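Since the structure comes first, as structure tokens, the remarks are kept for the end.
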Amino acid sequence: MASPVAVVAGKVVRDMALRTPLLAARLQAVHLVPRRWLNLQEYQSKKLMLDHGVKVQRFFVAETANEALDAAKRLNAKEIVLKAQILAGGRGKGVFSSGLKGGVHLTKDPKVVGQLAKQMIGYNLATKQTPKGGVKVNKVMIAEALDISRETYLAILMDRSCNGPVLVGSPQGGVDIEEVAASNPELIFKEQIDIMEGIKDSQAQRMAENLGFVGPLKNQAADQIKKLYNLFLKIDATQVEVNPFGETPEGQVVCFDAKINFDDNAEFRQKDIFAMDDGSENEPIENEAARYDLKYIGLDGNIACFVNGAGLAMATCDIIFLNGGRPANFLDLGGGVKEAQVYQAFKLLTADPKVEAILVNIFGGIVNCAIIANGITKACRELELKVPLVVRLEGTNVHEAQNILNNSGLPITSAIDLEDAAKKVVASVTKK
């Protein structure tokens, strides 16, 4: 029987790795790429780790086939791994628009690296996590291929239930950790870290031991774990995930593949890191939304959701689905809302040809509902809104906001609560 700690750790891993589990389960056909968190390319994460003393493979990055060939020669490695650099997973089994199969290739010949890179760079790579047409590859990573004698999993993440960071690890790495947590929860280990005290030597040693490192490798792994934790804190990460966190036949502990996530609230003091996100893999509408400090996530339904706060957005999407509708997106206003943002939000939503109705669901704590109402009426008039609009407002200045909407003379349907709003907006689409 799994220990309570292992069960909790498994839940932490699943919840953190699948940020939208309920919605993902219900909208199986939907392509969902959250943009609230900054996600770095693999080579960018490796560079950050290298700069903080974490052991990674030697690597170079190339933007042309000639650069890739030169990099492969400079590596002077027994074997070379070439990886297409996109954010989506499943690269190894992906297919390029050039016809090349696989976004990850091993070879001992630098010339082959150049030939493969020519079929990768500038072409779209389609994987199980990309849109159907794939994502354009602009860069490739050329790295020294090291033999791995054993693979483990290690992550450091923020866990609200623990009010701070936790280490999560498993001796079973190189596979989806969610599968391990579901099938073998006893192989998931967790260490809660007091953020004020920092990681203790005993915690790092214990995690290294639980991951199966022995002898000198145990001390080496513990040292790497501490360096990863220091990196986690210094760069304001929400998650540092290393899979595999492995050992080589030569007796080295290496971070072979890494993913680092950041909350965008850290941008003001991590400007250099956030500057790494060029937005090239975003949908155009996501980049346009970001210009106005809006967070946009596209879905495949026909009901646009206009909300404040990611949690409320998820609840809104879920309740629309439960009432028989399908969200077309959610658009998160965030906290300090301005009237101009509301207008731009409506402009973005109405530009989507899939949208057949709009649901506004605002809970005004920091947000002033009257500002929302003024923005809504302005947008409806100037954009000549052609689709049904259902509005549910609650919180600061809600009565003033309701008066603005009621006296506008516009065909706006008010709702008393979220359930009422969902039923009304679904009904407005069903009637068509």
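By convention here, the chains of the structure tokens are called A, B, ... in the order presented, each chain's residues are numbered starting at 1, and ligands are numbered starting at 1 in the order presented.
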Val175 of chain A surroundings by only C-alpha atoms, 12 Å radius, close-in-sequence under 6 positions cut, as a ChimeraX atom specification: /A:90,151-154,181,242-245,257
Residues just named, written with C-alpha atoms as a short mmCIF file (atom, residue, chain, number, x, y, z; two decimals), in the first residue's frame:
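Once written, selection-v9.cif looks like this:
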data_model
loop_
_atom_site.label_atom_id
_atom_site.label_comp_id
_atom_site.auth_asym_id
_atom_site.auth_seq_id
_atom_site.Cartn_x
_atom_site.Cartn_y
_atom_site.Cartn_z
CA GLY A 90 6.69 14.41 -28.34
CA GLU A 151 17.33 7.51 -15.38
CA THR A 152 15.51 9.17 -12.50
CA TYR A 153 13.01 12.03 -12.23
CA LEU A 154 13.41 15.23 -10.20
CA ALA A 181 2.24 8.48 -9.97
CA VAL A 242 14.51 17.42 -14.87
CA ASN A 243 13.61 14.21 -16.69
CA PRO A 244 15.83 12.35 -16.88
CA PHE A 245 18.03 13.28 -13.96
CA ASP A 257 16.51 17.27 -20.17
#
Skipping near chain neighbours, those fewer than 6 positions away, what residues fall within 6 Å of segment 297-314 of chain A using only C-alpha atoms, listed as a compact mmCIF listing (two decimals) with N, CA and C atoms, in the first residue's frame?
# COMPACT_ATOMS: atom_id res chain seq x y z
N VAL A 30 -9.85 19.50 -27.78
CA VAL A 30 -9.41 20.88 -27.80
C VAL A 30 -7.88 20.97 -27.76
N PRO A 34 -1.64 26.80 -22.64
CA PRO A 34 -1.68 27.92 -21.72
C PRO A 34 -0.49 28.85 -21.91
N ARG A 326 -19.69 24.80 -25.41
CA ARG A 326 -18.25 24.58 -25.59
C ARG A 326 -17.54 25.93 -25.65
N PRO A 327 -16.60 26.16 -24.74
CA PRO A 327 -15.86 27.43 -24.73
C PRO A 327 -15.02 27.61 -25.99
N ALA A 328 -15.02 28.81 -26.53
CA ALA A 328 -14.17 29.12 -27.68
C ALA A 328 -12.80 29.58 -27.22
N ASN A 329 -12.72 30.00 -25.96
CA ASN A 329 -11.47 30.53 -25.43
C ASN A 329 -11.69 30.90 -23.97
N PHE A 330 -10.65 31.30 -23.29
CA PHE A 330 -10.90 32.23 -22.19
C PHE A 330 -9.90 33.35 -22.26
N LEU A 331 -10.37 34.52 -21.90
CA LEU A 331 -9.55 35.71 -21.93
C LEU A 331 -9.54 36.31 -20.53
N ASP A 332 -8.35 36.36 -19.95
CA ASP A 332 -8.18 36.78 -18.56
C ASP A 332 -7.74 38.23 -18.50
N LEU A 333 -8.56 39.05 -17.86
CA LEU A 333 -8.26 40.48 -17.69
C LEU A 333 -7.20 40.74 -16.65
N GLY A 334 -7.09 39.87 -15.66
CA GLY A 334 -6.16 40.14 -14.57
C GLY A 334 -6.76 41.10 -13.55
N LYS A 354 -15.21 31.85 -34.93
CA LYS A 354 -15.89 30.75 -34.24
C LYS A 354 -16.87 31.24 -33.18
N VAL A 355 -16.68 32.45 -32.70
CA VAL A 355 -17.46 32.95 -31.56
C VAL A 355 -18.89 33.27 -31.98
N GLU A 356 -19.84 32.60 -31.32
CA GLU A 356 -21.26 32.82 -31.58
C GLU A 356 -21.97 33.46 -30.40
N ALA A 357 -21.29 33.59 -29.27
CA ALA A 357 -21.84 34.25 -28.09
C ALA A 357 -20.69 34.58 -27.15
N ILE A 358 -20.91 35.57 -26.29
CA ILE A 358 -19.87 35.99 -25.34
C ILE A 358 -20.45 35.98 -23.93
N LEU A 359 -19.70 35.38 -23.02
CA LEU A 359 -20.06 35.40 -21.60
C LEU A 359 -19.02 36.20 -20.84
N VAL A 360 -19.46 37.26 -20.18
CA VAL A 360 -18.59 38.06 -19.32
C VAL A 360 -18.86 37.63 -17.88
N ASN A 361 -17.84 37.17 -17.20
CA ASN A 361 -17.97 36.72 -15.82
C ASN A 361 -16.89 37.39 -14.99
N ILE A 362 -17.25 38.43 -14.27
CA ILE A 362 -16.28 39.23 -13.52
C ILE A 362 -16.63 39.23 -12.04
Exercise: Ala204 of chain A partners within 12 Å, only C-alpha atoms, chain neighbours under 3 positions left out, as a PDB file with N, CA and C atoms, in the first residue's frame:
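The file below, around22.pdb, is the result:
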ATOM      1  N   LEU A 154      13.316  14.254 -11.291  1.00  0.00           N
ATOM      2  CA  LEU A 154      13.406  15.229 -10.198  1.00  0.00           C
ATOM      3  C   LEU A 154      12.693  16.516 -10.596  1.00  0.00           C
ATOM      4  N   ILE A 156      11.334  20.441  -8.808  1.00  0.00           N
ATOM      5  CA  ILE A 156      11.145  21.379  -7.702  1.00  0.00           C
ATOM      6  C   ILE A 156      10.016  22.283  -8.133  1.00  0.00           C
ATOM      7  N   VAL A 166       8.447  22.307  -2.966  1.00  0.00           N
ATOM      8  CA  VAL A 166       8.631  20.898  -2.638  1.00  0.00           C
ATOM      9  C   VAL A 166       9.559  20.273  -3.666  1.00  0.00           C
ATOM     10  N   LEU A 167      10.324  19.297  -3.199  1.00  0.00           N
ATOM     11  CA  LEU A 167      11.074  18.426  -4.098  1.00  0.00           C
ATOM     12  C   LEU A 167      10.194  17.214  -4.374  1.00  0.00           C
ATOM     13  N   VAL A 168      10.087  16.836  -5.622  1.00  0.00           N
ATOM     14  CA  VAL A 168       9.365  15.622  -5.978  1.00  0.00           C
ATOM     15  C   VAL A 168      10.305  14.792  -6.844  1.00  0.00           C
ATOM     16  N   GLY A 169      10.501  13.548  -6.483  1.00  0.00           N
ATOM     17  CA  GLY A 169      11.420  12.715  -7.232  1.00  0.00           C
ATOM     18  C   GLY A 169      10.949  11.284  -7.346  1.00  0.00           C
ATOM     19  N   PHE A 189       8.553  10.300  -4.347  1.00  0.00           N
ATOM     20  CA  PHE A 189       9.039  10.791  -3.051  1.00  0.00           C
ATOM     21  C   PHE A 189       8.956  12.307  -3.019  1.00  0.00           C
ATOM     22  N   LYS A 190       8.677  12.829  -1.849  1.00  0.00           N
ATOM     23  CA  LYS A 190       8.426  14.259  -1.708  1.00  0.00           C
ATOM     24  C   LYS A 190       9.148  14.806  -0.483  1.00  0.00           C
ATOM     25  N   GLU A 191       9.729  15.983  -0.646  1.00  0.00           N
ATOM     26  CA  GLU A 191      10.384  16.684   0.470  1.00  0.00           C
ATOM     27  C   GLU A 191       9.866  18.120   0.503  1.00  0.00           C
ATOM     28  N   GLN A 192       9.189  18.483   1.587  1.00  0.00           N
ATOM     29  CA  GLN A 192       8.736  19.865   1.752  1.00  0.00           C
ATOM     30  C   GLN A 192       9.907  20.715   2.225  1.00  0.00           C
ATOM     31  N   ILE A 193      10.070  21.876   1.613  1.00  0.00           N
ATOM     32  CA  ILE A 193      11.191  22.757   1.954  1.00  0.00           C
ATOM     33  C   ILE A 193      10.658  24.018   2.619  1.00  0.00           C
ATOM     34  N   GLY A 198      15.501  27.271   3.630  1.00  0.00           N
ATOM     35  CA  GLY A 198      16.146  26.729   2.444  1.00  0.00           C
ATOM     36  C   GLY A 198      16.286  25.220   2.518  1.00  0.00           C
ATOM     37  N   ILE A 199      16.818  24.636   1.488  1.00  0.00           N
ATOM     38  CA  ILE A 199      16.968  23.195   1.449  1.00  0.00           C
ATOM     39  C   ILE A 199      18.085  22.749   2.390  1.00  0.00           C
ATOM     40  N   LYS A 200      17.829  21.717   3.159  1.00  0.00           N
ATOM     41  CA  LYS A 200      18.820  21.191   4.095  1.00  0.00           C
ATOM     42  C   LYS A 200      19.639  20.096   3.422  1.00  0.00           C
ATOM     43  N   ASP A 201      20.880  19.951   3.893  1.00  0.00           N
ATOM     44  CA  ASP A 201      21.731  18.888   3.360  1.00  0.00           C
ATOM     45  C   ASP A 201      21.057  17.531   3.515  1.00  0.00           C
ATOM     46  N   MET A 207      16.750  12.695  -0.651  1.00  0.00           N
ATOM     47  CA  MET A 207      16.163  12.590  -1.985  1.00  0.00           C
ATOM     48  C   MET A 207      17.097  11.825  -2.914  1.00  0.00           C
ATOM     49  N   ALA A 208      18.403  12.123  -2.830  1.00  0.00           N
ATOM     50  CA  ALA A 208      19.374  11.408  -3.670  1.00  0.00           C
ATOM     51  C   ALA A 208      19.320   9.903  -3.393  1.00  0.00           C
ATOM     52  N   GLU A 209      19.196   9.551  -2.122  1.00  0.00           N
ATOM     53  CA  GLU A 209      19.125   8.137  -1.748  1.00  0.00           C
ATOM     54  C   GLU A 209      17.832   7.506  -2.260  1.00  0.00           C
ATOM     55  N   ASN A 210      16.713   8.230  -2.137  1.00  0.00           N
ATOM     56  CA  ASN A 210      15.427   7.720  -2.622  1.00  0.00           C
ATOM     57  C   ASN A 210      15.424   7.536  -4.137  1.00  0.00           C
ATOM     58  N   LEU A 211      16.225   8.334  -4.819  1.00  0.00           N
ATOM     59  CA  LEU A 211      16.329   8.210  -6.269  1.00  0.00           C
ATOM     60  C   LEU A 211      17.253   7.058  -6.674  1.00  0.00           C
ATOM     61  N   PHE A 213      20.652   6.752  -5.907  1.00  0.00           N
ATOM     62  CA  PHE A 213      22.086   7.054  -6.049  1.00  0.00           C
ATOM     63  C   PHE A 213      22.825   6.518  -4.825  1.00  0.00           C
ATOM     64  N   LYS A 218      25.790   9.497  -4.735  1.00  0.00           N
ATOM     65  CA  LYS A 218      24.782  10.051  -3.833  1.00  0.00           C
ATOM     66  C   LYS A 218      25.137  11.488  -3.456  1.00  0.00           C
ATOM     67  N   ASN A 219      26.402  11.709  -3.106  1.00  0.00           N
ATOM     68  CA  ASN A 219      26.840  13.061  -2.750  1.00  0.00           C
ATOM     69  C   ASN A 219      26.778  13.992  -3.960  1.00  0.00           C
ATOM     70  N   GLN A 220      27.147  13.454  -5.122  1.00  0.00           N
ATOM     71  CA  GLN A 220      27.119  14.247  -6.344  1.00  0.00           C
ATOM     72  C   GLN A 220      25.680  14.653  -6.697  1.00  0.00           C
ATOM     73  N   ALA A 221      24.755  13.698  -6.559  1.00  0.00           N
ATOM     74  CA  ALA A 221      23.348  13.983  -6.841  1.00  0.00           C
ATOM     75  C   ALA A 221      22.788  15.003  -5.855  1.00  0.00           C
ATOM     76  N   ALA A 222      23.135  14.855  -4.583  1.00  0.00           N
ATOM     77  CA  ALA A 222      22.662  15.801  -3.562  1.00  0.00           C
ATOM     78  C   ALA A 222      23.167  17.210  -3.862  1.00  0.00           C
ATOM     79  N   ASP A 223      24.412  17.311  -4.304  1.00  0.00           N
ATOM     80  CA  ASP A 223      24.973  18.613  -4.658  1.00  0.00           C
ATOM     81  C   ASP A 223      24.218  19.235  -5.833  1.00  0.00           C
ATOM     82  N   GLN A 224      23.894  18.416  -6.835  1.00  0.00           N
ATOM     83  CA  GLN A 224      23.131  18.908  -7.983  1.00  0.00           C
ATOM     84  C   GLN A 224      21.723  19.337  -7.567  1.00  0.00           C
ATOM     85  N   ILE A 225      21.118  18.603  -6.668  1.00  0.00           N
ATOM     86  CA  ILE A 225      19.780  18.941  -6.176  1.00  0.00           C
ATOM     87  C   ILE A 225      19.792  20.300  -5.492  1.00  0.00           C
ATOM     88  N   LYS A 226      20.812  20.549  -4.684  1.00  0.00           N
ATOM     89  CA  LYS A 226      20.910  21.848  -3.992  1.00  0.00           C
ATOM     90  C   LYS A 226      21.126  22.987  -4.993  1.00  0.00           C
ATOM     91  N   LYS A 227      21.939  22.736  -6.005  1.00  0.00           N
ATOM     92  CA  LYS A 227      22.167  23.773  -7.020  1.00  0.00           C
ATOM     93  C   LYS A 227      20.896  24.053  -7.815  1.00  0.00           C
ATOM     94  N   LEU A 228      20.122  23.015  -8.092  1.00  0.00           N
ATOM     95  CA  LEU A 228      18.848  23.205  -8.800  1.00  0.00           C
ATOM     96  C   LEU A 228      17.870  23.992  -7.944  1.00  0.00           C
ATOM     97  N   TYR A 229      17.878  23.733  -6.637  1.00  0.00           N
ATOM     98  CA  TYR A 229      16.993  24.494  -5.758  1.00  0.00           C
ATOM     99  C   TYR A 229      17.402  25.967  -5.704  1.00  0.00           C
TER     100      TYR A 229
END
Quick check, in Å to one decimal: how far apart do atom CA of Arg150 of chain A and atom CA of Tyr43 of chain A lie?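 Computing the Euclidean distance for atom CA of Arg150 of chain A and atom CA of Tyr43 of chain A yields 22.4 Å.
Using only C-alpha atoms, the nearest neighbour of Glu339 of chain A within the list A:Leu383, A:Leu40, A:Ala427, A:Val367 is A:Val367.
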Please identify all polymer residues within 10 Å of Phe232 of chain A, counting only C-alpha atoms, omitting same-chain residues fewer than 3 positions from it, and present them as a list in words.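 The filter keeps Met49, Ile156, Leu157, Met158, Pro165, Lys226, Lys227, Leu228, Tyr229, Ile235, Asp236, Ala237, Thr238, Gln239, Val240, Ile260, Asn261 and Phe262 of chain A.
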For the selection you just gave me, I'd like the residues written to a file as a compact mmCIF listing (two decimals), in the first residue's frame, keeping all heavy atoms.
# COMPACT_ATOMS: atom_id res chain seq x y z
N MET A 49 20.78 26.57 -16.34
CA MET A 49 21.33 25.60 -15.40
C MET A 49 22.86 25.62 -15.43
O MET A 49 23.51 25.59 -14.37
CB MET A 49 20.80 24.21 -15.71
CG MET A 49 19.32 24.06 -15.41
SD MET A 49 18.76 22.34 -15.37
CE MET A 49 19.06 21.83 -17.05
N ILE A 156 11.33 20.44 -8.81
CA ILE A 156 11.15 21.38 -7.70
C ILE A 156 10.02 22.28 -8.13
O ILE A 156 10.04 22.86 -9.24
CB ILE A 156 12.41 22.21 -7.44
CG1 ILE A 156 13.62 21.31 -7.22
CG2 ILE A 156 12.21 23.12 -6.23
CD1 ILE A 156 14.95 22.03 -7.28
N LEU A 157 9.00 22.39 -7.29
CA LEU A 157 7.84 23.17 -7.69
C LEU A 157 7.18 23.82 -6.49
O LEU A 157 7.40 23.43 -5.35
CB LEU A 157 6.84 22.30 -8.45
CG LEU A 157 6.48 20.93 -7.86
CD1 LEU A 157 5.36 21.04 -6.86
CD2 LEU A 157 6.12 19.96 -8.96
N MET A 158 6.38 24.84 -6.77
CA MET A 158 5.61 25.49 -5.73
C MET A 158 4.32 24.71 -5.50
O MET A 158 3.57 24.45 -6.44
CB MET A 158 5.27 26.93 -6.13
CG MET A 158 6.43 27.90 -5.97
SD MET A 158 6.87 28.08 -4.22
CE MET A 158 8.21 29.29 -4.37
N PRO A 165 7.90 25.60 -1.57
CA PRO A 165 8.47 24.67 -2.53
C PRO A 165 8.52 23.24 -2.02
O PRO A 165 8.63 23.00 -0.81
CB PRO A 165 9.89 25.20 -2.76
CG PRO A 165 10.12 26.28 -1.76
CD PRO A 165 8.88 26.47 -0.96
N LYS A 226 20.81 20.55 -4.68
CA LYS A 226 20.91 21.85 -3.99
C LYS A 226 21.13 22.99 -4.99
O LYS A 226 20.56 24.08 -4.85
CB LYS A 226 22.04 21.81 -2.96
CG LYS A 226 21.71 20.98 -1.72
CD LYS A 226 22.77 21.09 -0.63
CE LYS A 226 24.04 20.38 -1.01
NZ LYS A 226 25.03 20.40 0.09
N LYS A 227 21.94 22.74 -6.01
CA LYS A 227 22.17 23.77 -7.02
C LYS A 227 20.90 24.05 -7.82
O LYS A 227 20.61 25.21 -8.15
CB LYS A 227 23.30 23.34 -7.95
CG LYS A 227 24.67 23.43 -7.30
CD LYS A 227 25.78 22.95 -8.23
CE LYS A 227 27.15 23.11 -7.57
NZ LYS A 227 28.24 22.58 -8.41
N LEU A 228 20.12 23.01 -8.09
CA LEU A 228 18.85 23.20 -8.80
C LEU A 228 17.87 23.99 -7.94
O LEU A 228 17.12 24.83 -8.46
CB LEU A 228 18.25 21.84 -9.18
CG LEU A 228 18.91 21.13 -10.36
CD1 LEU A 228 18.49 19.67 -10.42
CD2 LEU A 228 18.56 21.84 -11.67
N TYR A 229 17.88 23.73 -6.64
CA TYR A 229 16.99 24.49 -5.76
C TYR A 229 17.40 25.97 -5.70
O TYR A 229 16.55 26.86 -5.73
CB TYR A 229 16.98 23.90 -4.34
CG TYR A 229 16.10 24.70 -3.41
CD1 TYR A 229 14.71 24.60 -3.47
CD2 TYR A 229 16.65 25.60 -2.48
CE1 TYR A 229 13.90 25.35 -2.64
CE2 TYR A 229 15.84 26.35 -1.65
CZ TYR A 229 14.46 26.22 -1.74
OH TYR A 229 13.66 26.98 -0.92
N ILE A 235 15.81 32.50 -9.88
CA ILE A 235 15.17 32.95 -11.12
C ILE A 235 13.66 33.04 -11.00
O ILE A 235 12.96 33.24 -12.00
CB ILE A 235 15.55 32.04 -12.30
CG1 ILE A 235 15.03 30.61 -12.07
CG2 ILE A 235 17.06 32.03 -12.53
CD1 ILE A 235 15.30 29.67 -13.23
N ASP A 236 13.12 32.91 -9.78
CA ASP A 236 11.67 33.01 -9.56
C ASP A 236 10.90 32.00 -10.40
O ASP A 236 9.91 32.34 -11.05
CB ASP A 236 11.17 34.42 -9.87
CG ASP A 236 11.62 35.44 -8.83
OD1 ASP A 236 11.38 35.18 -7.64
OD2 ASP A 236 12.19 36.47 -9.21
N ALA A 237 11.35 30.76 -10.39
CA ALA A 237 10.66 29.72 -11.14
C ALA A 237 9.46 29.21 -10.36
O ALA A 237 9.42 29.27 -9.13
CB ALA A 237 11.61 28.56 -11.44
N THR A 238 8.47 28.73 -11.08
CA THR A 238 7.36 28.01 -10.44
C THR A 238 7.60 26.52 -10.51
O THR A 238 7.03 25.75 -9.73
CB THR A 238 6.03 28.33 -11.13
OG1 THR A 238 6.13 28.02 -12.53
CG2 THR A 238 5.66 29.80 -10.97
N GLN A 239 8.45 26.10 -11.46
CA GLN A 239 8.76 24.68 -11.57
C GLN A 239 10.07 24.50 -12.31
O GLN A 239 10.34 25.15 -13.31
CB GLN A 239 7.66 23.96 -12.34
CG GLN A 239 7.93 22.48 -12.58
CD GLN A 239 6.77 21.77 -13.24
OE1 GLN A 239 5.67 21.77 -12.72
NE2 GLN A 239 7.00 21.19 -14.40
N VAL A 240 10.91 23.62 -11.77
CA VAL A 240 12.10 23.14 -12.47
C VAL A 240 11.96 21.63 -12.53
O VAL A 240 11.96 20.96 -11.49
CB VAL A 240 13.40 23.54 -11.74
CG1 VAL A 240 14.60 22.88 -12.42
CG2 VAL A 240 13.57 25.04 -11.70
N ILE A 260 11.76 24.52 -17.40
CA ILE A 260 11.64 25.52 -16.34
C ILE A 260 10.46 26.43 -16.66
O ILE A 260 10.36 26.95 -17.78
CB ILE A 260 12.92 26.36 -16.21
CG1 ILE A 260 14.14 25.45 -15.98
CG2 ILE A 260 12.79 27.36 -15.07
CD1 ILE A 260 15.47 26.21 -15.91
N ASN A 261 9.58 26.59 -15.70
CA ASN A 261 8.41 27.46 -15.87
C ASN A 261 8.49 28.63 -14.91
O ASN A 261 9.03 28.52 -13.80
CB ASN A 261 7.12 26.69 -15.63
CG ASN A 261 6.88 25.61 -16.66
OD1 ASN A 261 7.52 25.59 -17.71
ND2 ASN A 261 5.97 24.70 -16.37
N PHE A 262 7.90 29.75 -15.33
CA PHE A 262 7.91 30.98 -14.54
C PHE A 262 6.51 31.56 -14.48
O PHE A 262 5.77 31.50 -15.46
CB PHE A 262 8.83 32.03 -15.17
CG PHE A 262 10.23 31.55 -15.45
CD1 PHE A 262 10.50 30.80 -16.58
CD2 PHE A 262 11.26 31.85 -14.60
CE1 PHE A 262 11.77 30.35 -16.86
CE2 PHE A 262 12.55 31.42 -14.87
CZ PHE A 262 12.80 30.66 -16.00
Which of A:Ile195, A:Ala84, A:Val426, A:Met141 sits closest to Tyr123 of chain A [using only C-alpha atoms]: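 Among A:Ile195, A:Ala84, A:Val426, A:Met141, it is A:Ala84 that comes nearest to Tyr123 of chain A.
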Step one, run DSSP on the backbone; step two, keep only residues of segment 151-228 of chain A assigned to strand (DSSP E); then write them as an MDAnalysis selection string. chainID A and resid 151:159 164:170 189:192
Report as a PyMOL selection string all protein, DNA and RNA residues lying within 9 Å of Lys118 of chain A, evaluated on only C-alpha atoms, omitting residues in the same chain fewer than 2 positions from it. chain A and resi 64-66+68+113-116+120-122
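Comparing A:Val135, A:Cys255, A:Leu233, A:Ile148 by their smallest distance to Ser280 of chain A, the closest is A:Val135 (using only C-alpha atoms).
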With distances taken over only C-alpha atoms, which residue among A:Leu75, A:Asn230, A:Val112, A:Val253 lies nearest Asp147 of chain A?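 Using only C-alpha atoms, the shortest distance to Asp147 of chain A belongs to A:Val253.
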Write out as a short mmCIF file (atom, residue, chain, number, x, y, z; two decimals) with N, CA, C and O atoms, in the first residue's frame the residues lying within 8 Å of segment 400-411 of chain A, counting only C-alpha atoms and excluding same-chain residues fewer than 3 positions away.
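Listed below is the output, selection_3.cif:
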data_model
loop_
_atom_site.label_atom_id
_atom_site.label_comp_id
_atom_site.auth_asym_id
_atom_site.auth_seq_id
_atom_site.Cartn_x
_atom_site.Cartn_y
_atom_site.Cartn_z
N CYS A 369 -16.24 46.98 -11.09
CA CYS A 369 -17.24 46.51 -12.04
C CYS A 369 -17.77 47.63 -12.93
O CYS A 369 -18.16 47.39 -14.08
N ALA A 370 -17.78 48.86 -12.42
CA ALA A 370 -18.27 49.99 -13.22
C ALA A 370 -17.35 50.23 -14.43
O ALA A 370 -17.82 50.59 -15.52
N ILE A 371 -16.05 50.05 -14.24
CA ILE A 371 -15.11 50.20 -15.36
C ILE A 371 -15.40 49.13 -16.41
O ILE A 371 -15.39 49.41 -17.62
N ILE A 372 -15.67 47.93 -15.94
CA ILE A 372 -16.00 46.84 -16.86
C ILE A 372 -17.25 47.19 -17.64
O ILE A 372 -17.31 47.04 -18.88
N ALA A 373 -18.27 47.66 -16.93
CA ALA A 373 -19.55 47.99 -17.58
C ALA A 373 -19.38 49.08 -18.63
O ALA A 373 -19.93 49.00 -19.73
N ASN A 374 -18.61 50.12 -18.30
CA ASN A 374 -18.37 51.20 -19.27
C ASN A 374 -17.62 50.68 -20.49
O ASN A 374 -17.91 51.06 -21.64
N THR A 377 -20.13 48.59 -22.70
CA THR A 377 -21.07 49.39 -23.50
C THR A 377 -20.35 50.12 -24.64
O THR A 377 -20.88 50.20 -25.76
N CYS A 380 -19.60 47.45 -27.31
CA CYS A 380 -20.81 47.03 -28.02
C CYS A 380 -21.23 48.05 -29.07
O CYS A 380 -21.62 47.68 -30.19
N PRO A 388 -24.89 37.30 -29.29
CA PRO A 388 -25.48 37.47 -27.95
C PRO A 388 -24.40 37.71 -26.89
O PRO A 388 -23.32 37.12 -26.95
N LEU A 389 -24.74 38.55 -25.93
CA LEU A 389 -23.81 38.88 -24.84
C LEU A 389 -24.51 38.68 -23.51
O LEU A 389 -25.56 39.29 -23.24
N LEU A 393 -21.81 40.12 -13.28
CA LEU A 393 -20.86 40.92 -12.52
C LEU A 393 -21.15 40.76 -11.03
O LEU A 393 -22.31 40.69 -10.62
N ASN A 397 -18.59 47.98 -6.69
CA ASN A 397 -19.43 48.87 -7.51
C ASN A 397 -20.34 48.11 -8.47
O ASN A 397 -20.65 48.59 -9.58
#
The distance between atom CA of Glu197 of chain A and atom CA of Asn39 of chain A is 27.9 Å
Per-residue DSSP, segment 134-261 of chain A, filtered to alpha helix (DSSP H), as a PyMOL selection string: chain A and resi 177-183+201-210+216-234
Excluding Leu348 of chain A and any residue of its chain fewer than 4 positions from it, enumerate the residues within 10 Å of it, using only C-alpha atoms, and give them as a PyMOL selection string. chain A and resi 285-286+288-289+296+331+342-344+352
Resulting file, chosen residues, C-alpha atoms, as an mmCIF file, in the first residue's frame:
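And here's part07.cif as it stands now:
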data_model
loop_
_atom_site.group_PDB
_atom_site.id
_atom_site.type_symbol
_atom_site.label_atom_id
_atom_site.label_comp_id
_atom_site.auth_asym_id
_atom_site.auth_seq_id
_atom_site.Cartn_x
_atom_site.Cartn_y
_atom_site.Cartn_z
ATOM 1 C CA ILE A 285 -4.135 36.538 -31.194
ATOM 2 C CA GLU A 286 -2.101 35.625 -28.084
ATOM 3 C CA GLU A 288 -2.024 40.779 -29.694
ATOM 4 C CA ALA A 289 -3.657 40.106 -26.309
ATOM 5 C CA TYR A 296 -5.647 34.629 -24.021
ATOM 6 C CA LEU A 331 -9.551 35.709 -21.932
ATOM 7 C CA VAL A 342 -12.106 45.856 -21.943
ATOM 8 C CA TYR A 343 -12.564 47.382 -25.381
ATOM 9 C CA GLN A 344 -9.522 45.590 -26.785
ATOM 10 C CA ASP A 352 -12.721 35.160 -33.902
#
Between A:Ala266, A:Val137, A:Met276, A:Leu50, which one has atoms that come closest to Phe96 of chain A, using only C-alpha atoms?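 The answer is A:Val137, which sits nearest to Phe96 of chain A.
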Could you check the closest approach to Phe321 of chain A for each of A:His52, A:Leu146, A:Lys423, A:Ile86 and tell me which residue wins, using only C-alpha atoms?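 Selected residue with least distance to Phe321 of chain A: A:Lys423.
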